[in-house]
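Chemist: Pasting structure-v6.pdb here (PDB, C-alpha atoms):
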ATOM      1  CA  MET A   1       7.595 -11.150  -7.391  1.00  0.00           C
ATOM      2  CA  LYS A   2       7.420 -10.108 -11.030  1.00  0.00           C
ATOM      3  CA  ILE A   3       4.911  -8.141 -13.079  1.00  0.00           C
ATOM      4  CA  GLU A   4       2.667 -10.591 -14.968  1.00  0.00           C
ATOM      5  CA  ALA A   5       0.336  -8.050 -16.536  1.00  0.00           C
ATOM      6  CA  ILE A   6      -0.428  -4.334 -16.673  1.00  0.00           C
ATOM      7  CA  HIS A   7      -4.063  -3.254 -17.053  1.00  0.00           C
ATOM      8  CA  LEU A   8      -5.094   0.325 -17.740  1.00  0.00           C
ATOM      9  CA  ARG A   9      -8.452   1.995 -18.296  1.00  0.00           C
ATOM     10  CA  ALA A  10      -8.691   4.973 -20.629  1.00  0.00           C
ATOM     11  CA  PRO A  11      -9.960   8.198 -19.024  1.00  0.00           C
ATOM     12  CA  ASP A  12     -13.093   8.212 -21.169  1.00  0.00           C
ATOM     13  CA  ALA A  13     -13.916   4.485 -21.018  1.00  0.00           C
ATOM     14  CA  ASP A  14     -14.627   1.821 -18.439  1.00  0.00           C
ATOM     15  CA  ASP A  15     -13.111  -1.113 -20.325  1.00  0.00           C
ATOM     16  CA  VAL A  16      -9.700  -2.419 -19.306  1.00  0.00           C
ATOM     17  CA  HIS A  17      -6.886  -2.978 -21.788  1.00  0.00           C
ATOM     18  CA  GLU A  18      -3.632  -4.816 -21.263  1.00  0.00           C
ATOM     19  CA  VAL A  19      -0.308  -3.152 -22.102  1.00  0.00           C
ATOM     20  CA  ASP A  20       3.306  -4.310 -22.036  1.00  0.00           C
ATOM     21  CA  CYS A  21       4.681  -1.123 -20.474  1.00  0.00           C
ATOM     22  CA  ALA A  22       3.385   1.926 -18.580  1.00  0.00           C
ATOM     23  CA  GLN A  23       4.944   5.244 -17.617  1.00  0.00           C
ATOM     24  CA  ALA A  24       4.712   6.042 -13.915  1.00  0.00           C
ATOM     25  CA  VAL A  25       4.665   9.673 -12.815  1.00  0.00           C
ATOM     26  CA  GLU A  26       5.718  10.588  -9.287  1.00  0.00           C
ATOM     27  CA  GLY A  27       2.701  11.299  -7.098  1.00  0.00           C
ATOM     28  CA  LYS A  28       0.219  11.101  -9.987  1.00  0.00           C
ATOM     29  CA  GLY A  29      -0.156   7.544 -11.297  1.00  0.00           C
ATOM     30  CA  LEU A  30       0.250   5.713 -14.601  1.00  0.00           C
ATOM     31  CA  GLU A  31      -0.011   7.790 -17.775  1.00  0.00           C
ATOM     32  CA  GLY A  32      -3.034   6.904 -19.881  1.00  0.00           C
ATOM     33  CA  ASP A  33      -4.946   5.391 -16.977  1.00  0.00           C
ATOM     34  CA  ARG A  34      -8.347   6.589 -15.849  1.00  0.00           C
ATOM     35  CA  TYR A  35      -6.912   7.056 -12.366  1.00  0.00           C
ATOM     36  CA  PHE A  36      -4.029   9.305 -13.353  1.00  0.00           C
ATOM     37  CA  PHE A  37      -4.292  12.357 -11.093  1.00  0.00           C
ATOM     38  CA  GLY A  38      -2.803  15.391 -12.851  1.00  0.00           C
ATOM     39  CA  ASP A  39      -3.105  17.487  -9.677  1.00  0.00           C
ATOM     40  CA  GLY A  40      -1.608  14.719  -7.539  1.00  0.00           C
ATOM     41  CA  ALA A  41      -3.080  11.508  -6.160  1.00  0.00           C
ATOM     42  CA  ARG A  42      -4.240  11.186  -2.575  1.00  0.00           C
ATOM     43  CA  PRO A  43      -2.091   8.761  -0.532  1.00  0.00           C
ATOM     44  CA  GLY A  44      -2.384   5.222  -1.855  1.00  0.00           C
ATOM     45  CA  LEU A  45      -4.275   6.032  -5.048  1.00  0.00           C
ATOM     46  CA  ALA A  46      -1.420   6.318  -7.563  1.00  0.00           C
ATOM     47  CA  LEU A  47      -0.885   2.572  -8.070  1.00  0.00           C
ATOM     48  CA  THR A  48      -2.697  -0.694  -7.344  1.00  0.00           C
ATOM     49  CA  LEU A  49      -1.271  -4.220  -7.409  1.00  0.00           C
ATOM     50  CA  ILE A  50      -2.713  -7.718  -6.942  1.00  0.00           C
ATOM     51  CA  GLU A  51      -1.250 -11.230  -6.848  1.00  0.00           C
ATOM     52  CA  GLY A  52      -2.021 -13.286  -9.949  1.00  0.00           C
ATOM     53  CA  ASP A  53      -2.681 -16.435  -7.910  1.00  0.00           C
ATOM     54  CA  VAL A  54      -5.460 -14.588  -6.063  1.00  0.00           C
ATOM     55  CA  VAL A  55      -7.079 -13.575  -9.371  1.00  0.00           C
ATOM     56  CA  ARG A  56      -6.884 -17.111 -10.749  1.00  0.00           C
ATOM     57  CA  GLY A  57      -7.957 -18.686  -7.432  1.00  0.00           C
ATOM     58  CA  ALA A  58     -11.098 -16.535  -7.456  1.00  0.00           C
ATOM     59  CA  ASP A  59     -11.729 -17.622 -11.073  1.00  0.00           C
ATOM     60  CA  LEU A  60     -11.687 -14.016 -12.289  1.00  0.00           C
ATOM     61  CA  ALA A  61     -10.664 -12.806 -15.725  1.00  0.00           C
ATOM     62  CA  PRO A  62      -7.342 -10.972 -16.018  1.00  0.00           C
ATOM     63  CA  GLY A  63      -7.873  -7.273 -15.352  1.00  0.00           C
ATOM     64  CA  SER A  64     -11.347  -7.771 -13.868  1.00  0.00           C
ATOM     65  CA  THR A  65     -10.172  -6.824 -10.371  1.00  0.00           C
ATOM     66  CA  ARG A  66      -9.437  -3.335 -11.710  1.00  0.00           C
ATOM     67  CA  ARG A  67      -5.923  -3.382 -10.251  1.00  0.00           C
ATOM     68  CA  GLN A  68      -3.268  -1.943 -12.538  1.00  0.00           C
ATOM     69  CA  LEU A  69      -0.456  -4.415 -11.899  1.00  0.00           C
ATOM     70  CA  THR A  70      -0.812  -8.179 -11.535  1.00  0.00           C
ATOM     71  CA  VAL A  71       2.217  -9.846  -9.973  1.00  0.00           C
ATOM     72  CA  SER A  72       3.469 -13.416  -9.752  1.00  0.00           C
ATOM     73  CA  GLY A  73       4.409 -14.731  -6.349  1.00  0.00           C
ATOM     74  CA  THR A  74       3.222 -13.671  -2.917  1.00  0.00           C
ATOM     75  CA  GLY A  75       4.029 -11.006  -0.376  1.00  0.00           C
ATOM     76  CA  LEU A  76       2.134  -7.880  -1.431  1.00  0.00           C
ATOM     77  CA  ASN A  77       0.506  -7.508   1.993  1.00  0.00           C
ATOM     78  CA  GLU A  78       3.976  -7.392   3.545  1.00  0.00           C
ATOM     79  CA  LEU A  79       4.744  -4.219   1.560  1.00  0.00           C
ATOM     80  CA  VAL A  80       2.266  -2.053   3.496  1.00  0.00           C
ATOM     81  CA  GLY A  81       4.325   0.719   5.077  1.00  0.00           C
ATOM     82  CA  LYS A  82       7.444  -0.228   3.107  1.00  0.00           C
ATOM     83  CA  THR A  83       9.324   1.206   0.160  1.00  0.00           C
ATOM     84  CA  PHE A  84       9.742  -1.061  -2.855  1.00  0.00           C
ATOM     85  CA  ARG A  85      10.797  -0.882  -6.488  1.00  0.00           C
ATOM     86  CA  VAL A  86       8.836  -1.984  -9.525  1.00  0.00           C
ATOM     87  CA  GLY A  87      11.192  -1.943 -12.497  1.00  0.00           C
ATOM     88  CA  SER A  88      12.832   1.494 -12.315  1.00  0.00           C
ATOM     89  CA  VAL A  89      10.030   3.021 -10.218  1.00  0.00           C
ATOM     90  CA  GLU A  90      10.283   3.500  -6.467  1.00  0.00           C
ATOM     91  CA  CYS A  91       6.966   3.092  -4.621  1.00  0.00           C
ATOM     92  CA  ARG A  92       5.625   2.987  -1.083  1.00  0.00           C
ATOM     93  CA  GLY A  93       2.932   0.563   0.077  1.00  0.00           C
ATOM     94  CA  VAL A  94       0.169   2.556   1.786  1.00  0.00           C
ATOM     95  CA  MET A  95      -2.682   0.154   2.561  1.00  0.00           C
ATOM     96  CA  LEU A  96      -4.419  -3.032   1.524  1.00  0.00           C
ATOM     97  CA  CYS A  97      -6.728  -2.562  -1.451  1.00  0.00           C
ATOM     98  CA  GLU A  98      -9.861  -4.205  -0.073  1.00  0.00           C
ATOM     99  CA  PRO A  99     -12.657  -5.432  -2.374  1.00  0.00           C
ATOM    100  CA  CYS A 100     -15.715  -3.210  -2.744  1.00  0.00           C
ATOM    101  CA  LEU A 101     -19.348  -3.405  -3.811  1.00  0.00           C
ATOM    102  CA  HIS A 102     -18.451  -2.073  -7.262  1.00  0.00           C
ATOM    103  CA  LEU A 103     -16.083  -5.012  -7.802  1.00  0.00           C
ATOM    104  CA  GLN A 104     -18.829  -7.387  -6.697  1.00  0.00           C
ATOM    105  CA  GLU A 105     -21.287  -5.783  -9.125  1.00  0.00           C
ATOM    106  CA  LEU A 106     -18.783  -6.224 -11.960  1.00  0.00           C
ATOM    107  CA  THR A 107     -17.890  -9.825 -11.105  1.00  0.00           C
ATOM    108  CA  ARG A 108     -20.107 -11.984  -8.901  1.00  0.00           C
ATOM    109  CA  PRO A 109     -21.844 -12.222  -5.512  1.00  0.00           C
ATOM    110  CA  GLY A 110     -19.581 -13.303  -2.661  1.00  0.00           C
ATOM    111  CA  ILE A 111     -16.354 -11.929  -4.121  1.00  0.00           C
ATOM    112  CA  ILE A 112     -15.992  -9.374  -1.312  1.00  0.00           C
ATOM    113  CA  LYS A 113     -15.878 -12.042   1.385  1.00  0.00           C
ATOM    114  CA  GLU A 114     -13.588 -14.208  -0.740  1.00  0.00           C
ATOM    115  CA  LEU A 115     -11.032 -11.446  -1.325  1.00  0.00           C
ATOM    116  CA  VAL A 116     -10.936  -9.695   2.069  1.00  0.00           C
ATOM    117  CA  HIS A 117      -7.275  -8.919   2.887  1.00  0.00           C
ATOM    118  CA  ARG A 118      -6.236 -10.535  -0.431  1.00  0.00           C
ATOM    119  CA  ALA A 119      -7.468  -8.030  -3.019  1.00  0.00           C
ATOM    120  CA  GLY A 120      -4.190  -6.207  -3.442  1.00  0.00           C
ATOM    121  CA  LEU A 121      -2.116  -3.229  -2.405  1.00  0.00           C
ATOM    122  CA  ASN A 122      -2.556   0.528  -2.802  1.00  0.00           C
ATOM    123  CA  ALA A 123       0.719   2.381  -3.253  1.00  0.00           C
ATOM    124  CA  ASP A 124       2.252   5.784  -3.861  1.00  0.00           C
ATOM    125  CA  ILE A 125       4.638   6.373  -6.765  1.00  0.00           C
ATOM    126  CA  LEU A 126       7.786   8.072  -5.447  1.00  0.00           C
ATOM    127  CA  THR A 127       9.821   8.386  -8.671  1.00  0.00           C
ATOM    128  CA  ASP A 128       9.111   8.686 -12.393  1.00  0.00           C
ATOM    129  CA  GLY A 129       9.968   5.719 -14.592  1.00  0.00           C
ATOM    130  CA  SER A 130       8.662   2.852 -16.637  1.00  0.00           C
ATOM    131  CA  ILE A 131       7.057  -0.383 -15.505  1.00  0.00           C
ATOM    132  CA  SER A 132       7.074  -3.365 -17.862  1.00  0.00           C
ATOM    133  CA  VAL A 133       5.750  -6.894 -17.844  1.00  0.00           C
ATOM    134  CA  GLY A 134       8.529  -9.077 -16.391  1.00  0.00           C
ATOM    135  CA  ASP A 135       9.912  -6.364 -14.091  1.00  0.00           C
ATOM    136  CA  GLU A 136      10.814  -7.437 -10.564  1.00  0.00           C
ATOM    137  CA  VAL A 137       8.997  -6.123  -7.481  1.00  0.00           C
ATOM    138  CA  VAL A 138      11.683  -5.746  -4.809  1.00  0.00           C
ATOM    139  CA  ALA A 139      11.401  -4.480  -1.228  1.00  0.00           C
ATOM    140  CA  LEU A 140      14.058  -1.866  -0.422  1.00  0.00           C
TER
END
Would you mind giving the structure from this file in structure tokens?
Modeler:
Amino acid sequence: MKIEAIHLRAPDADDVHEVDCAQAVEGKGLEGDRYFFGDGARPGLALTLIEGDVVRGADLAPGSTRRQLTVSGTGLNELVGKTFRVGSVECRGVMLCEPCLHLQELTRPGIIKELVHRAGLNADILTDGSISVGDEVVAL
């Protein structure tokens, strides 16, 4: 798998913007993102990933799933409970990132059922580093 896109939301805005690179901070999240937790993220809230084919298959716009990293290829679900690297950043898959009512309100009716067990991965960030478009996602 490789990083196709990085989407962040500014702390004071709800709109999503695409970036080429993001700085990951151990235990806190991605700098500049609305969900950067200065006091430390709860387990699984520091980083979210989704497979690009799932986004396209659901006919959703890039970034509309509100996941930070979109990856090419498959296998995100297999990373639950495992350590993996994204670029120079070591992460740990915590749980599936299931779709919610808020996502349905922002997109369309029926998206929850369509994306159950396919809406991505919630992960912890274990080391500081940078994540860039094109970086490999590799299980350790």
Chemist: Care to translate the PyMOL selection byres ((chain A and resi 17) around 8) into actual residues of this file, as an MDAnalysis selection string?
Modeler: chainID A and resid 7:9 15:16 18:19 63
Chemist: Just the selected residues (C-alpha atoms), exported as a PDB file, in the coordinates of the input, please.
Modeler:
ATOM      1  CA  HIS A   7      -4.063  -3.254 -17.053  1.00  0.00           C
ATOM      2  CA  LEU A   8      -5.094   0.325 -17.740  1.00  0.00           C
ATOM      3  CA  ARG A   9      -8.452   1.995 -18.296  1.00  0.00           C
ATOM      4  CA  ASP A  15     -13.111  -1.113 -20.325  1.00  0.00           C
ATOM      5  CA  VAL A  16      -9.700  -2.419 -19.306  1.00  0.00           C
ATOM      6  CA  GLU A  18      -3.632  -4.816 -21.263  1.00  0.00           C
ATOM      7  CA  VAL A  19      -0.308  -3.152 -22.102  1.00  0.00           C
ATOM      8  CA  GLY A  63      -7.873  -7.273 -15.352  1.00  0.00           C
TER       9      GLY A  63
END
Chemist: With a cut-off of 12 Å, could you pull out the residues of segment 52-86 of chain A touching segment 26-39 of chain A and give me the nearest pair of atoms for each, distance in Å to one decimal, using all atoms listed in the file, ordered by chain and ascending number, as a tab-separated table?
Modeler:
residue	atom	partner	partner_atom	distance
A:Arg66	CA	A:Tyr35	CA	10.7
A:Arg67	CA	A:Tyr35	CA	10.7
A:Gln68	CA	A:Leu30	CA	8.7
A:Leu69	CA	A:Leu30	CA	10.5
Chemist: With 3 Å of padding per side, what axis-aligned box (centre and edge lengths, Å, one decimal) covers all the listed atoms of segment 102-108 of chain A? Give it as JSON.
Modeler:
{"center_x": -18.7, "center_y": -7.0, "center_z": -9.3, "size_x": 11.2, "size_y": 15.9, "size_z": 11.3}
Chemist: From the options A:Ala10, A:Cys91, A:Leu101, A:Cys21, which residue's atoms come nearest to Leu115 of chain A, counting only C-alpha atoms?
Modeler: A:Leu101
Chemist: May I have the residues within 7 Å of segment 75-90 of chain A as a PyMOL selection string, using all atoms listed in the file and disregarding those fewer than 2 positions away in the same chain?
Modeler: chain A and resi 92-96+120-121+125-132+135-140
Chemist: Here is a test: counting all atoms listed in the file, which residue of A:Ala22, A:Leu60, A:Ala41, A:Leu49 is nearest to Glu98 of chain A?
Modeler: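 Going through A:Ala22, A:Leu60, A:Ala41, A:Leu49 one by one, the smallest distance to Glu98 of chain A is for A:Leu49.
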Chemist: Tell me which residues the PyMOL selection byres ((chain A and resi 134) around 6) grabs here, as a list in words.
Modeler: Lys2, Ile3, Val133 and Asp135 of chain A
Chemist: Expanded to explicit residues, what is the PyMOL selection byres ((chain A and resi 54) around 12) for this file, as a compact mmCIF listing (two decimals) with C-alpha atoms, in the coordinates of the input?
Modeler:
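Output file part.txt follows:
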# COMPACT_ATOMS: atom_id res chain seq x y z
CA LEU A 49 -1.27 -4.22 -7.41
CA ILE A 50 -2.71 -7.72 -6.94
CA GLU A 51 -1.25 -11.23 -6.85
CA GLY A 52 -2.02 -13.29 -9.95
CA ASP A 53 -2.68 -16.43 -7.91
CA VAL A 55 -7.08 -13.58 -9.37
CA ARG A 56 -6.88 -17.11 -10.75
CA GLY A 57 -7.96 -18.69 -7.43
CA ALA A 58 -11.10 -16.54 -7.46
CA ASP A 59 -11.73 -17.62 -11.07
CA LEU A 60 -11.69 -14.02 -12.29
CA ALA A 61 -10.66 -12.81 -15.72
CA PRO A 62 -7.34 -10.97 -16.02
CA SER A 64 -11.35 -7.77 -13.87
CA THR A 65 -10.17 -6.82 -10.37
CA ARG A 67 -5.92 -3.38 -10.25
CA THR A 70 -0.81 -8.18 -11.54
CA VAL A 71 2.22 -9.85 -9.97
CA SER A 72 3.47 -13.42 -9.75
CA GLY A 73 4.41 -14.73 -6.35
CA THR A 74 3.22 -13.67 -2.92
CA GLY A 75 4.03 -11.01 -0.38
CA LEU A 76 2.13 -7.88 -1.43
CA ILE A 111 -16.35 -11.93 -4.12
CA GLU A 114 -13.59 -14.21 -0.74
CA LEU A 115 -11.03 -11.45 -1.32
CA VAL A 116 -10.94 -9.70 2.07
CA HIS A 117 -7.28 -8.92 2.89
CA ARG A 118 -6.24 -10.54 -0.43
CA ALA A 119 -7.47 -8.03 -3.02
CA GLY A 120 -4.19 -6.21 -3.44
Chemist: Quick check, in Å to one decimal: how far apart do atom CA of Ala24 of chain A and atom CA of Cys100 of chain A lie?
Modeler: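 Value for the atom CA of Ala24 of chain A-atom CA of Cys100 of chain A distance: 25.1 Å.
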Chemist: Using atom CA of Leu47 of chain A and atom CA of Ala5 of chain A as the two end points, give the distance in Å to one decimal.
Modeler: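 Separation between atom CA of Leu47 of chain A and atom CA of Ala5 of chain A: 13.6 Å.
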Chemist: If you measure from atom CA of Arg42 of chain A to atom CA of Glu105 of chain A, what distance in Å do you get, rounded to one decimal?
Modeler: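 Computing it gives 24.9 Å between the two atoms.
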